[in-house]
Amino acid sequence: MLLLLSAALFALGLVAVITRRNAIVVLMGVEMLFNAANINFVGFAQADPLHAGRAWALVVMVLAAAEAAVALAIVLRVARLRGTTNLDLLTALRG
Amino acid sequence: MPYLAAYAVLLPLLVGALLLLTGERLRFVTGGLAVGAVAGSLALALTVFAQHWNAAPAGTTWAWFNVGGQPFTVGLWLDNLSVALLALVPLVAFPVFVFAAKYMRHEARYAAFFGQLLLFVAAMLALVLARDLLAAVVAWELVGFASWLLIGFWFTKPEAATAARQAFLLNRLGDLGLFVAIGALRAAAGTLDLPALTAAAPQLLTSQPALLALAGAGLLLAAVAKSGQWPLTPWLPDAMAGPTPVSALLHAATLVAAGAYLLLRTYPLLPAEVRAAAAIIGASTALWAALAAQRETDLKRVLAYSTASQLGYVFLGVGIGAPVAAALHLLAHAAFKASLFLNAGLVTHAVGHAAAPDKMVDPQDMRLLGGLRHALPRTFAAYVLAAAALVGLPLTTGFLTKEALLAGTLVWAGGAGGGGIAWLVPLAALGTVGLTARYMARHGKLIFGGSEARGVFRISQVHEAGSRAEAPLALLLPVTGLAALALWLTLAPNPLHVAPGWAARGLLMPFPGGLPEVGGLAVWLPLLSVALVGGGVWWGLQAPVPATIARPARISLAVFWHQRAPAAALGLARIVARFDHVGLDRQVLRFGKTVVVVAKLTAWTDRRVVDGAVHRLAAALGGLGRLARAAQSGQTQGYYRWAVAALLGAVAWVATR
């Protein structure tokens with residue numbers, strides 16, 4: 001049951017990340033991907049006598065918070081600098 | 001201390017190089033520098049002379065280079081012959097330099113003149129000291145080069161430029177002989193070391209007669225060219241277009257002596273046929289040049305013919321087996337002829353000043369001179385002394401050396417076994433004595449004798465007006481000093497016989513038996529020659545003043561060298577050119593075409609095969625690069641797509657295991 005929830009959340013996040021143009025919405029999709037992983041950690045922790053997966057879920061949350069802070073700061077600067085958060089227009093990293 | 005002699009060469013060489021390299025910047029110290037260098041060289045040479053005269057021959061050798069495992073060396077050789085000339089060259093050069101320092105002071109290229117003159121002195125000393133023919137040929141060429149520079153010193157005058165070229169070309173002809181001789185001697189003996197060659201000479205003359213004959217002929221040709229002997233004489237009178245100090249140093253004392261010195265140096269190596277040829281060339285040059293001098297009207301050209309004539313005596317002496325007499329005559333001639341040339345310089349200097357308003361008149365034309373003995377008494381006195389030595393009056397060096405040579409010719413003709421023809425040589429030698437006396441008497445009479453009314457240049461008028469006609473002491477002293485060397489005491493205490501003198505005894509060391517003497521006291525020979533001289537002088541004093549001002553027609557020998565010889569040489573050149581075109585150029589062209597074809601093939605291979613491989617590799621790598629670049633689109637979501645694709649791939653891989 002939990003695995004199904006996790007898979008659904010992952011698919012929704014993936015769709016958001018790949019199809020949306022707005023950087024902030026893409027970041028929200030990324031948060032959904034993290035949480036899909038967290039649900040997996042918690043769900044599989046049931047079968048583990050030490051419940052180590054729960055601790056990893058906490059680590060992932062901390063990482064996600066840090067990631068969100070850095071990413072939102074970058075998006076804020078890009079929006080200030082370029083006047084847009086449309087990812088199709090932000091191609092300066094082309095190789 | 002043989003090294004001291006090397007310094008005597010280096011000193012003038014370095015000072016000369018300094019003067020030549022600094023342009024005219026050192027002009028104001030040039031005279032002092034040049035005279036000082038020659039004085040230093042003279043002091044060194046006299047020290048060497050004092051140490052090595054009558055000492056055992058000494059020398060040094062330095063390795064120069066190796067060719068095919070064969071060592072070539074250079075070195076110094078000091079025996080009585082070379083130290084005598086080592087002393088003589090700066091001894092004559094020193095007065096000439098003192099004279100020139102004053103005489104040439106108005107020249108624009110004063111420092112260059114002395115630089116060239118010092119270069120010449122250094123080359124000449126190097127030639128005298130050379131131990132082997134390899135060093136000798138280097139010095140020989142330098143001497144020729146310096147003489148070309150000096151004869152053509154006034155190269156803006158066409159006759160000087162022509163004379164320099166002519167002298168150079170005729171000398172090059174002789175150089176060919178020297179090269180041939182060097183090759184032949186090297187082939188015959190395997191060495192070019194002169195002492196070694198001389199020591200091996202008797203054995204070589206029997207074991208390698210053909211090569212030695214070739215070498216002897218080459219050496220004779222070289223000597224003939226350098227000393228202005230028949231038939232290569234014409235460059236010598238024409239070289240009088242150079243400055244007077246040059247004529248005195250080069251064309252009286254040293255340059256022309258180089259040829260005779262070469263023959264003396266290699267005397268033991270000369271086969272009998274070459275010696276006979278030298279005797280015939282010497283005798284005929286002596287006679288022919290004395291005849292040519294009879295009608296000459298140029299003050300200096302008479303002396304030039306006289307030089308050729310006297311060097312003919314030297315060649316004659318070498319040819320008849322009297323090398324000591326020849327060497328003595330060479331030494332004596334150098335001193336008195338240099339004095340006579342400088343004397344000619346004094347005369348032209350004096351009349352040139354007197355004739356300043358009228359530049360069109362040639363001050364060397366004897367027909368315009370006359371009566372100068374009143375205006376230039378000291379010049380005249382020095383002239384008489386030097387001229388007496390030249391004609392061979394008793395109490396002079398010229399008398400001593402000519403007696404020795406004449407005695408040698410008589411002994412040779414008596415013992416040669418050539419029958420009556422051999423007596424032509426002493427006859428020519430004796431005839432030349434009379435002819436020498438005649439042209440010198442005429443020379444002196446036209447310049448100094450007669451009434452002054454005849455002369456165009458009225459020196460006495462200048463003289464009486466208060467200015468001094470006689471040259472300053474700096475010019476007069478060198479002339480007088482050189483003339484004083486013409487006194488018999490220079491060579492021997494006995495005024496009638498040279499053999500007991502120090503010079504003859506010393507020179508017998510390198511040339512044992514080189515001074516043949518007529519049996520008995522032979523009183524008649526000096527008497528005969530004095531009678532000949534007296535007759536010649538009397539005849540010369542009768543000589544009329546040439547009336548016409550036109551130049552005498554060129555003598556046939558000069559015509560030969562100026563017209564026939566160039567035409568023949570051009571014809572030969574045309575034949576050679578034809579051979580060159582047909583025989584050589586065609587082969588060269590064929591070879592060239594082959595090379596071009598091969599080159600084209602190589603270029604094609606290079607472009608198609610080598611370059612092609614490199615290009616293809618580069619294109620493949622570029623394609624890979626483009627493929628990798630495509631992933632880096634800069635589209636943020638593109639990266640996500642790649643990540644998802646990779647994830648799906650990983651899942652599929654895990655699932656299918």
# chains A, B, ... in the order shown; residues from 1 in each chain; ligands from 1

$ closest_atom_pairs --of "chain B" --to "chain A" --cutoff "6 Å" --atoms "only C-alpha atoms" --output "JSON lines"
{"residue": "B:Arg629", "atom": "CA", "partner": "A:Gly95", "partner_atom": "CA", "distance": 5.7}
{"residue": "B:Gln632", "atom": "CA", "partner": "A:Gly95", "partner_atom": "CA", "distance": 4.7}
{"residue": "B:Ser633", "atom": "CA", "partner": "A:Arg94", "partner_atom": "CA", "distance": 4.7}
{"residue": "B:Gly634", "atom": "CA", "partner": "A:Arg94", "partner_atom": "CA", "distance": 3.7}
{"residue": "B:Gln635", "atom": "CA", "partner": "A:Thr91", "partner_atom": "CA", "distance": 5.4}
{"residue": "B:Gln637", "atom": "CA", "partner": "A:Ile18", "partner_atom": "CA", "distance": 5.6}

$ residues_around --residues "A:Val62" --least-positions-apart "4" --cutoff "12 Å" --atoms "only C-alpha atoms" --output "list in words"
Glu31, Phe34, Asn35, Asn38, Ala55, Trp56, Ala57, Leu58, Ala66, Glu67, Ala68 and Ala69 of chain A

$ atom_distance --atom1 "atom CA of B:Ala484" --atom2 "atom CA of B:Thr379"
12.7 Å

$ select_by_dssp --residues "stretch 553-638 of chain B" --states "alpha helix (DSSP H)" --output "PDB file with C-alpha atoms, in the first residue's frame"
ATOM      1  CA  SER B 556     104.885  44.374 -77.840  1.00  0.00           C
ATOM      2  CA  LEU B 557     104.732  42.392 -74.568  1.00  0.00           C
ATOM      3  CA  ALA B 558     102.178  44.765 -73.117  1.00  0.00           C
ATOM      4  CA  VAL B 559     100.184  44.481 -76.342  1.00  0.00           C
ATOM      5  CA  ALA B 565      96.068  37.018 -74.235  1.00  0.00           C
ATOM      6  CA  PRO B 566      92.545  38.186 -73.348  1.00  0.00           C
ATOM      7  CA  ALA B 567      91.335  37.153 -76.816  1.00  0.00           C
ATOM      8  CA  ALA B 568      92.872  33.715 -76.409  1.00  0.00           C
ATOM      9  CA  ALA B 569      91.473  33.394 -72.924  1.00  0.00           C
ATOM     10  CA  LEU B 570      88.013  34.358 -74.171  1.00  0.00           C
ATOM     11  CA  GLY B 571      88.242  31.754 -76.941  1.00  0.00           C
ATOM     12  CA  LEU B 572      89.190  29.124 -74.404  1.00  0.00           C
ATOM     13  CA  ALA B 573      86.375  30.284 -72.167  1.00  0.00           C
ATOM     14  CA  ARG B 574      83.907  29.886 -75.047  1.00  0.00           C
ATOM     15  CA  ILE B 575      85.044  26.314 -75.657  1.00  0.00           C
ATOM     16  CA  VAL B 576      84.754  25.556 -71.970  1.00  0.00           C
ATOM     17  CA  ALA B 577      81.327  27.168 -71.856  1.00  0.00           C
ATOM     18  CA  ARG B 578      80.190  25.001 -74.764  1.00  0.00           C
ATOM     19  CA  PHE B 579      81.437  21.891 -73.029  1.00  0.00           C
ATOM     20  CA  ARG B 586      72.346  18.549 -69.779  1.00  0.00           C
ATOM     21  CA  GLN B 587      73.260  15.954 -67.188  1.00  0.00           C
ATOM     22  CA  VAL B 588      72.422  18.373 -64.407  1.00  0.00           C
ATOM     23  CA  LEU B 589      69.070  19.144 -66.042  1.00  0.00           C
ATOM     24  CA  ARG B 590      68.258  15.457 -66.419  1.00  0.00           C
ATOM     25  CA  PHE B 591      69.065  14.842 -62.807  1.00  0.00           C
ATOM     26  CA  GLY B 592      66.989  17.869 -61.849  1.00  0.00           C
ATOM     27  CA  LYS B 593      63.952  16.600 -63.776  1.00  0.00           C
ATOM     28  CA  THR B 594      64.169  13.189 -62.092  1.00  0.00           C
ATOM     29  CA  VAL B 595      64.251  14.874 -58.757  1.00  0.00           C
ATOM     30  CA  VAL B 596      61.146  16.917 -59.622  1.00  0.00           C
ATOM     31  CA  VAL B 597      59.198  13.795 -60.658  1.00  0.00           C
ATOM     32  CA  VAL B 598      60.150  11.973 -57.469  1.00  0.00           C
ATOM     33  CA  ALA B 599      59.195  15.030 -55.480  1.00  0.00           C
ATOM     34  CA  LYS B 600      55.741  15.190 -57.097  1.00  0.00           C
ATOM     35  CA  LEU B 601      55.139  11.493 -56.295  1.00  0.00           C
ATOM     36  CA  THR B 602      56.186  12.031 -52.730  1.00  0.00           C
ATOM     37  CA  ALA B 603      53.913  15.034 -52.395  1.00  0.00           C
ATOM     38  CA  TRP B 604      50.903  13.030 -53.719  1.00  0.00           C
ATOM     39  CA  THR B 605      51.570  10.197 -51.266  1.00  0.00           C
ATOM     40  CA  GLY B 612      44.252  11.510 -45.318  1.00  0.00           C
ATOM     41  CA  ALA B 613      44.661   9.249 -42.299  1.00  0.00           C
ATOM     42  CA  VAL B 614      45.175  12.177 -40.012  1.00  0.00           C
ATOM     43  CA  HIS B 615      42.152  14.021 -41.419  1.00  0.00           C
ATOM     44  CA  ARG B 616      39.889  10.979 -41.076  1.00  0.00           C
ATOM     45  CA  LEU B 617      40.878  10.435 -37.462  1.00  0.00           C
ATOM     46  CA  ALA B 618      40.209  14.099 -36.730  1.00  0.00           C
ATOM     47  CA  ALA B 619      36.781  13.900 -38.381  1.00  0.00           C
ATOM     48  CA  ALA B 620      35.838  10.815 -36.314  1.00  0.00           C
ATOM     49  CA  LEU B 621      36.838  12.494 -33.081  1.00  0.00           C
ATOM     50  CA  GLY B 622      34.901  15.624 -34.093  1.00  0.00           C
ATOM     51  CA  GLY B 623      31.757  13.515 -34.650  1.00  0.00           C
ATOM     52  CA  LEU B 624      32.074  11.983 -31.200  1.00  0.00           C
ATOM     53  CA  GLY B 625      32.455  15.487 -29.779  1.00  0.00           C
ATOM     54  CA  ARG B 626      29.289  16.695 -31.504  1.00  0.00           C
ATOM     55  CA  LEU B 627      27.392  13.712 -30.121  1.00  0.00           C
ATOM     56  CA  ALA B 628      28.526  14.494 -26.584  1.00  0.00           C
ATOM     57  CA  ARG B 629      27.716  18.169 -27.033  1.00  0.00           C
ATOM     58  CA  ALA B 630      24.120  17.366 -27.960  1.00  0.00           C
ATOM     59  CA  ALA B 631      23.466  16.178 -24.403  1.00  0.00           C
ATOM     60  CA  THR B 636      17.360  22.167 -17.453  1.00  0.00           C
ATOM     61  CA  GLN B 637      14.605  19.716 -18.193  1.00  0.00           C
ATOM     62  CA  GLY B 638      16.688  18.069 -20.876  1.00  0.00           C
TER      63      GLY B 638
END

$ residues_around --residues "B:Phe49" --least-positions-apart "6" --cutoff "8 Å" --atoms "only C-alpha atoms" --output "ChimeraX atom specification"
/B:83-84,86-87

$ write_last_selection --atoms "C-alpha atoms" --output "tab-separated table (two decimals), in the first residue's frame"
chain	number	residue	atom	x	y	z
B	83	VAL	CA	116.31	35.79	-40.63
B	84	ALA	CA	118.22	37.90	-43.18
B	86	LEU	CA	113.14	39.00	-41.63
B	87	ALA	CA	115.55	41.79	-40.75

$ residues_around --residues "A:Gly13" --least-positions-apart "4" --cutoff "6 Å" --atoms "only C-alpha atoms" --output "list of chain:residue names"
A:Gly29, A:Met32, A:Leu33
